[in-house]
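Just target.txt here, compact mmCIF, C-alpha atoms:
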```txt
# COMPACT_ATOMS: atom_id res chain seq x y z
CA MET U 1 121.91 98.36 131.38
CA ILE U 2 118.38 97.35 132.35
CA ALA U 3 116.34 95.34 129.85
CA ALA U 4 113.92 97.30 127.67
CA VAL U 5 110.46 97.82 129.12
CA THR U 6 107.85 95.66 127.38
CA GLY U 7 104.08 95.67 127.70
CA ASN U 8 104.22 93.01 130.38
CA TYR U 9 105.88 95.45 132.77
CA TYR U 10 102.86 97.74 132.53
CA LEU U 11 100.47 94.84 133.00
CA VAL U 12 102.21 93.69 136.18
CA LEU U 13 102.24 97.26 137.51
CA ALA U 14 98.52 97.57 136.75
CA ALA U 15 97.88 94.29 138.58
CA LEU U 16 99.81 95.62 141.59
CA LEU U 17 97.78 98.84 141.60
CA PHE U 18 94.56 96.84 141.36
CA THR U 19 95.64 94.66 144.29
CA ILE U 20 96.50 97.65 146.47
CA GLY U 21 93.11 99.16 145.67
CA ALA U 22 91.31 95.92 146.52
CA ILE U 23 93.16 95.54 149.83
CA GLY U 24 92.39 99.15 150.69
CA LEU U 25 88.72 98.61 149.93
CA LEU U 26 88.66 95.69 152.36
CA VAL U 27 90.78 97.29 155.10
CA ARG U 28 89.55 100.85 155.33
CA ARG U 29 86.26 101.78 156.98
CA ASN U 30 85.96 105.40 155.96
CA VAL U 31 83.45 105.47 153.09
CA LEU U 32 85.29 108.20 151.20
CA VAL U 33 88.61 106.36 151.31
CA MET U 34 86.87 103.19 150.15
CA PHE U 35 85.59 105.20 147.21
CA MET U 36 89.10 106.36 146.37
CA CYS U 37 90.27 102.74 146.41
CA VAL U 38 87.59 101.93 143.83
CA GLU U 39 89.01 104.74 141.68
CA LEU U 40 92.45 103.16 142.03
CA MET U 41 91.12 99.83 140.77
CA LEU U 42 89.39 101.53 137.83
CA ASN U 43 92.62 103.26 136.91
CA ALA U 44 94.56 100.02 137.03
CA ALA U 45 92.05 98.55 134.56
CA ASN U 46 92.44 101.63 132.34
CA LEU U 47 96.19 101.18 132.28
CA THR U 48 95.68 97.56 131.24
CA PHE U 49 93.39 98.61 128.38
CA VAL U 50 95.84 101.20 127.06
CA THR U 51 98.71 98.73 127.31
CA PHE U 52 96.80 96.10 125.34
CA ALA U 53 95.84 98.73 122.75
CA ARG U 54 99.51 99.41 122.24
CA MET U 55 100.55 95.73 122.22
CA LEU U 56 97.87 94.78 119.67
CA ASN U 57 98.23 98.08 117.75
CA ASP U 58 94.47 98.67 117.81
CA VAL U 59 92.98 101.90 119.08
CA GLY U 60 89.83 100.14 120.34
CA GLY U 61 91.37 99.70 123.78
CA GLN U 62 91.74 103.43 124.18
CA VAL U 63 88.08 103.95 123.28
CA ILE U 64 87.05 101.52 126.02
CA VAL U 65 88.94 103.68 128.53
CA PHE U 66 86.64 106.52 127.52
CA PHE U 67 83.61 104.55 128.62
CA THR U 68 85.33 103.61 131.86
CA LEU U 69 85.89 107.31 132.53
CA VAL U 70 82.21 108.04 131.95
CA VAL U 71 81.16 105.26 134.30
CA ALA U 72 83.63 106.47 136.94
CA ALA U 73 82.28 110.01 136.72
CA ALA U 74 78.67 108.82 137.03
CA GLU U 75 79.61 106.57 139.93
CA VAL U 76 81.33 109.36 141.82
CA ALA U 77 78.42 111.74 141.31
CA VAL U 78 75.83 109.31 142.65
CA GLY U 79 78.09 107.80 145.32
CA LEU U 80 79.08 111.11 146.84
CA ALA U 81 75.43 112.19 146.85
CA ILE U 82 74.62 109.04 148.83
CA ILE U 83 77.47 109.76 151.25
CA VAL U 84 76.22 113.31 151.77
CA ALA U 85 72.71 111.97 152.36
CA ILE U 86 74.05 109.49 154.94
CA PHE U 87 76.02 112.22 156.68
CA ARG U 88 72.95 114.36 156.97
CA ARG U 89 71.25 111.64 159.01
CA ARG U 90 74.10 110.50 161.25
CA GLN U 91 77.50 111.70 162.34
CA GLY U 92 79.88 108.85 161.55
CA ALA U 93 81.62 108.09 158.27
CA THR U 94 82.39 104.43 158.80
CA ALA U 95 80.86 101.74 156.64
CA ASP U 96 80.11 99.52 159.62
CA ASP U 97 77.60 102.02 160.99
CA VAL U 98 75.45 101.80 157.86
CA ASP U 99 74.10 98.30 158.23
CA VAL U 100 70.35 98.83 157.80
CA LEU U 101 68.51 99.84 154.67
CA LYS U 102 66.31 102.47 156.30
CA GLY U 103 67.91 105.71 157.42
CA MET Z 1 114.30 106.63 128.03
CA GLU Z 2 111.10 104.61 128.40
CA THR Z 3 112.80 102.40 130.99
CA VAL Z 4 113.69 105.38 133.15
CA LEU Z 5 110.20 106.85 132.81
CA PHE Z 6 108.62 103.51 133.67
CA PHE Z 7 110.54 102.97 136.87
CA VAL Z 8 110.42 106.56 138.10
CA PHE Z 9 106.67 106.94 137.60
CA GLY Z 10 106.02 103.37 138.64
CA THR Z 11 107.51 104.25 142.01
CA PHE Z 12 105.32 107.35 142.15
CA ALA Z 13 102.18 105.43 141.21
CA LEU Z 14 102.74 102.63 143.72
CA GLY Z 15 103.75 105.07 146.44
CA GLY Z 16 100.61 107.10 145.82
CA ALA Z 17 98.44 103.99 145.89
CA LEU Z 18 99.95 102.88 149.19
CA GLY Z 19 99.47 106.41 150.49
CA VAL Z 20 95.76 106.31 149.64
CA VAL Z 21 95.35 103.13 151.66
CA LEU Z 22 97.61 103.99 154.58
CA ALA Z 23 96.95 107.70 155.15
CA ARG Z 24 94.78 108.31 158.21
CA ASN Z 25 93.46 111.64 157.01
CA PRO Z 26 91.05 111.46 154.02
CA VAL Z 27 92.46 114.70 152.62
CA HIS Z 28 95.91 113.10 152.46
CA SER Z 29 94.38 110.07 150.75
CA ALA Z 30 92.87 112.33 148.08
CA LEU Z 31 96.21 114.05 147.45
CA PHE Z 32 98.00 110.70 147.17
CA LEU Z 33 95.31 109.70 144.68
CA VAL Z 34 96.24 112.72 142.55
CA GLN Z 35 99.86 111.52 142.57
CA THR Z 36 98.86 108.10 141.25
CA LEU Z 37 96.50 109.55 138.63
CA VAL Z 38 99.15 111.90 137.23
CA SER Z 39 101.70 109.06 137.09
CA ILE Z 40 99.23 106.99 135.08
CA ALA Z 41 98.66 109.99 132.79
CA VAL Z 42 102.42 109.98 132.09
CA TYR Z 43 102.15 106.29 131.19
CA PHE Z 44 99.33 107.13 128.78
CA ILE Z 45 101.61 109.61 127.00
CA VAL Z 46 104.40 107.02 126.82
CA GLU Z 47 101.94 104.47 125.41
CA GLU Z 48 100.78 106.79 122.61
CA ALA Z 49 97.39 107.67 124.13
CA GLU Z 50 97.83 111.44 124.25
CA LEU Z 51 94.13 112.26 124.26
CA LEU Z 52 93.49 109.95 127.20
CA ALA Z 53 96.39 111.50 129.11
CA ALA Z 54 94.79 114.92 128.78
CA VAL Z 55 91.36 113.57 129.69
CA GLN Z 56 92.84 111.73 132.67
CA VAL Z 57 94.30 114.92 134.11
CA ILE Z 58 91.23 117.06 133.34
CA VAL Z 59 88.49 114.65 134.40
CA TYR Z 60 90.14 112.63 137.14
CA ALA Z 61 92.61 114.99 138.79
CA GLY Z 62 90.64 118.07 137.88
CA ALA Z 63 87.03 117.07 138.46
CA ILE Z 64 86.69 113.84 140.41
CA VAL Z 65 89.34 114.53 143.06
CA VAL Z 66 88.08 118.08 143.49
CA LEU Z 67 84.61 116.62 144.03
CA PHE Z 68 86.08 114.28 146.64
CA LEU Z 69 87.83 117.14 148.44
CA PHE Z 70 84.66 119.22 148.23
CA VAL Z 71 82.63 116.51 149.95
CA ILE Z 72 85.38 115.97 152.54
CA MET Z 73 85.32 119.66 153.39
CA LEU Z 74 81.53 119.89 153.23
CA ILE Z 75 80.84 117.13 155.72
CA GLY Z 76 83.94 117.76 157.79
CA VAL Z 77 85.50 114.32 158.06
CA ASP Z 78 89.03 115.62 158.18
CA ARG Z 79 89.36 113.99 161.57
CA GLN Z 80 91.42 110.84 161.90
CA GLU Z 81 90.15 107.32 161.66
CA ASP Z 82 90.69 104.91 164.52
CA LEU Z 83 92.77 102.18 162.90
CA ALA Z 84 93.78 100.54 166.17
CA GLN Z 85 90.96 98.03 166.55
CA ASP Z 86 89.50 95.58 164.07
CA PRO Z 87 85.70 95.67 163.89
CA ILE Z 88 85.72 92.08 162.67
CA PRO Z 89 88.39 89.76 164.09
CA PHE Z 90 91.34 89.19 161.73
CA GLN Z 91 89.86 91.56 159.14
CA ARG Z 92 93.18 93.08 158.07
CA PRO Z 93 95.26 89.87 157.75
CA LEU Z 94 92.38 88.29 155.83
CA ALA Z 95 92.12 91.31 153.54
CA VAL Z 96 95.84 91.25 152.76
CA ALA Z 97 95.74 87.49 152.15
CA LEU Z 98 92.77 87.89 149.81
CA GLY Z 99 94.53 90.71 147.97
CA VAL Z 100 97.68 88.65 147.44
CA ALA Z 101 95.54 85.74 146.24
CA ALA Z 102 93.81 88.06 143.75
CA PHE Z 103 97.19 89.29 142.48
CA VAL Z 104 98.44 85.74 141.92
CA GLU Z 105 95.17 84.88 140.19
CA ILE Z 106 95.51 87.85 137.82
CA LEU Z 107 99.06 86.81 136.91
CA VAL Z 108 98.07 83.19 136.34
CA LEU Z 109 95.03 84.10 134.24
CA ALA Z 110 96.99 86.64 132.19
CA GLY Z 111 99.48 83.88 131.34
CA SER Z 112 96.75 81.61 129.98
CA THR Z 113 94.86 82.00 126.71
CA TRP Z 114 92.39 84.62 127.92
CA ALA Z 115 93.96 87.33 125.82
CA THR Z 116 92.92 86.23 122.33
CA GLY Z 117 94.26 89.23 120.43
CA GLU Z 118 90.98 89.88 118.60
CA HIS Z 119 90.74 93.27 116.92
CA THR Z 120 87.77 95.63 116.64
CA ALA Z 121 85.73 95.63 113.43
CA ARG Z 122 87.65 98.33 111.62
CA GLY Z 123 90.97 97.70 113.33
CA VAL Z 124 92.26 101.27 113.37
CA PRO Z 125 95.90 100.99 114.54
CA VAL Z 126 97.47 103.04 117.33
CA ARG Z 127 100.41 103.98 115.09
CA GLY Z 128 101.14 103.71 111.39
CA GLY Z 129 98.77 104.06 108.44
CA SER Z 130 97.13 107.28 107.24
CA PHE Z 131 94.62 107.85 110.01
CA GLY Z 132 95.92 111.15 111.35
CA ASN Z 133 96.83 111.83 114.96
CA ASN Z 134 95.65 110.12 118.13
CA VAL Z 135 92.49 112.24 118.44
CA ASP Z 136 91.49 111.38 114.84
CA ARG Z 137 91.97 107.68 115.44
CA VAL Z 138 90.00 107.60 118.71
CA ALA Z 139 87.20 109.68 117.16
CA ARG Z 140 87.03 107.45 114.08
CA VAL Z 141 86.48 104.34 116.20
CA LEU Z 142 84.29 106.05 118.81
CA PHE Z 143 81.80 107.40 116.27
CA THR Z 144 81.60 104.29 114.09
CA ASP Z 145 82.18 100.99 115.90
CA PHE Z 146 81.19 102.32 119.33
CA LEU Z 147 78.40 104.72 118.33
CA TRP Z 148 75.62 102.86 120.18
CA PRO Z 149 77.59 102.58 123.47
CA PHE Z 150 78.48 106.24 123.06
CA GLU Z 151 74.81 107.19 122.90
CA LEU Z 152 74.14 105.04 125.93
CA THR Z 153 76.74 106.97 127.94
CA ALA Z 154 74.63 110.09 127.39
CA LEU Z 155 71.69 108.27 128.97
CA LEU Z 156 73.91 107.10 131.84
CA LEU Z 157 75.12 110.63 132.54
CA VAL Z 158 71.56 111.97 132.57
CA ILE Z 159 70.55 109.26 135.03
CA ALA Z 160 73.57 110.07 137.21
CA VAL Z 161 72.74 113.78 137.27
CA VAL Z 162 69.09 113.16 138.11
CA GLY Z 163 70.06 110.62 140.77
CA GLY Z 164 72.62 112.95 142.31
CA VAL Z 165 70.11 115.79 142.55
CA ALA Z 166 67.39 113.53 143.92
CA LEU Z 167 69.68 112.10 146.59
CA ALA Z 168 71.33 115.31 147.69
CA ARG Z 169 68.11 117.37 147.79
CA ARG Z 170 66.81 118.14 151.24
CA SER Z 171 63.41 116.52 151.45
CA ARG Z 172 60.58 118.50 153.06
CA HIS Z 173 58.43 115.55 154.02
CA ARG Z 174 61.00 113.67 156.07
CA PRO Z 175 61.17 114.15 159.86
CA PRO Z 176 64.24 115.97 161.17
CA PRO Z 177 67.25 113.91 162.34
CA THR Z 178 67.01 112.46 165.83
CA SER Z 179 69.86 114.55 167.21
CA VAL Z 180 69.49 118.12 166.00
CA PRO Z 181 72.80 119.95 166.41
CA ALA Z 182 72.83 123.23 168.29
CA ASP Z 183 73.73 125.29 165.23
CA ALA Z 184 71.10 123.74 162.97
CA PRO Z 185 70.22 125.59 159.74
CA GLU Z 186 67.28 127.97 159.83
CA GLU Z 187 64.80 125.92 157.85
CA MET Z 188 65.18 123.05 160.30
CA THR Z 189 64.39 125.07 163.43
CA ALA Z 190 61.74 127.26 161.84
CA ARG Z 191 59.56 124.33 160.83
```
Starting from the coordinates I provided, produce the structure as structure tokens.
Amino acid sequence: MIAAVTGNYYLVLAALLFTIGAIGLLVRRNVLVMFMCVELMLNAANLTFVTFARMLNDVGGQVIVFFTLVVAAAEVAVGLAIIVAIFRRRQGATADDVDVLKG
Amino acid sequence: METVLFFVFGTFALGGALGVVLARNPVHSALFLVQTLVSIAVYFIVEEAELLAAVQVIVYAGAIVVLFLFVIMLIGVDRQEDLAQDPIPFQRPLAVALGVAAFVEILVLAGSTWATGEHTARGVPVRGGSFGNNVDRVARVLFTDFLWPFELTALLLVIAVVGGVALARRSRHRPPPTSVPADAPEEMTAR
């Protein structure tokens, strides 16, 4: 029989998810996929918060996840608008093409 | 029971995360992202955060990923990315090395005394006590201890909406793009 799952298991899994997201952010060049990797990292942090809320038996950690969700939603709204604005000016979707501030 | 759930959905979550990074087609990346998000929602249910599990599915899988897919379809980037050449020499090995270093750092820091175990002011517990169900507990803390941050999120959302509209609006004063496509919209050619 496998040992019972403790909070540390969730924390290590969250760290793995965060690492995969960070590597993806550095490796990929498509702006949209980079955005999705940021979402992955945010979700790993959310999982950490919920796990700590359970380990400490304090619901405050779950409330923090709420604020993370709001920030993620705001970030996606503005970020995708920027991506659409970039696409209107030029054809490519790679981050390396956008290396000057003016359009 | 929890052990089985942990390992089954842990495999799903990690597989989805790897899929997001490795898929060549952005649409596939978005669908792998849904897989990871739903797996994490299952974890939220296991960890007694039922409200957050529902919000995770509704907001993330239901709204954010749909927004992603909408933009992918709108701007038509469902063509494949050229992963064969590195724009910067050794970018990928360096990225993987940095990622592994970050992972080790997280594990080392988590083992030190960074987690102090401090509670919030009222210390409403996740389970036990007479505080009602999960929604009652989250609401009690959200509207007392975190009332000021909660009001600030309203401001943040307004700013995000205004910024999104301002960025996505087609400006009338700007010159047309240098390379006008053959099937340009009417307002561009009629100017």
With 7 Å as the limit and counting all atoms listed in the file, what residues in chain U lie close to chain Z? Please list them as a PyMOL selection string. chain U and resi 4-5+15-17+19-20+22-24+26-27+33+51+54+56-60+63+70+73-74+77-78+81-82+84-85+87+89
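With distances restricted to all atoms listed in the file, U:Met41 is the closest residue to Thr68 (chain U) from U:Thr94, U:Met41, U:Ile83, U:Met55.
Across Z:Phe12, Z:Glu151, Z:Val34, Z:Ala53, the tightest approach to Phe67 (chain U) is made by Z:Glu151 when counting all atoms listed in the file.
Considering all atoms listed in the file, the residue among U:Leu69, U:Leu11, U:Leu25, U:Ala95 positioned nearest to Ala53 (chain U) is U:Leu11.
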To one decimal in Å, tell me the separation between CA of Leu147 (chain Z) and CA of Val38 (chain Z).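 Between CA of Leu147 (chain Z) and CA of Val38 (chain Z) the gap works out to 29.0 Å.
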Pick from U:Phe35, U:Asn46, U:Gly7, U:Leu40, whichever lies nearest to Gly21 (chain U) using only C-alpha atoms: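 Closest to Gly21 (chain U) of all the choices is U:Leu40.
Here CA of Met73 (chain Z) stands at a distance of 13.6 Å from CA of Leu31 (chain Z).
Every protein, DNA or RNA residue with an atom at most 7 Å from Ala14 (chain U), where all atoms listed in the file count and chain neighbours fewer than 3 positions away do not, is listed here: Tyr10, Leu11, Leu17, Phe18, Ala44, Ala45, Leu47 and Thr48 of chain U.
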Kindly save the residues from that selection, with C-alpha atoms included, as a PDB file, keeping the file's coordinate frame.
```pdb
ATOM      1  CA  TYR U  10     102.860  97.740 132.530  1.00  0.00           C
ATOM      2  CA  LEU U  11     100.470  94.840 133.000  1.00  0.00           C
ATOM      3  CA  LEU U  17      97.780  98.840 141.600  1.00  0.00           C
ATOM      4  CA  PHE U  18      94.560  96.840 141.360  1.00  0.00           C
ATOM      5  CA  ALA U  44      94.560 100.020 137.030  1.00  0.00           C
ATOM      6  CA  ALA U  45      92.050  98.550 134.560  1.00  0.00           C
ATOM      7  CA  LEU U  47      96.190 101.180 132.280  1.00  0.00           C
ATOM      8  CA  THR U  48      95.680  97.560 131.240  1.00  0.00           C
TER       9      THR U  48
END
```
Hey, which of U:Val98, U:Leu13, U:Ala72, U:Leu80 ends up closest to Glu39 (chain U)? Count only C-alpha atoms.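 Among U:Val98, U:Leu13, U:Ala72, U:Leu80, it is U:Ala72 that comes nearest to Glu39 (chain U).
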Would you place a box with edges along x, y and z of the file around all atoms of region 72-79 of chain U listed there, add 5 Å to each of its six sides, and report the centre and edge lengths in Å to one decimal, as lines of an AutoDock Vina configuration file?
```
center_x = 79.7
center_y = 109.1
center_z = 141.0
size_x = 17.8
size_y = 15.3
size_z = 18.6
```
Can you tell me how far CA of Phe49 (chain U) sits from CA of Gln62 (chain U), in Å to one decimal?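 Between CA of Phe49 (chain U) and CA of Gln62 (chain U) the gap is 6.6 Å.
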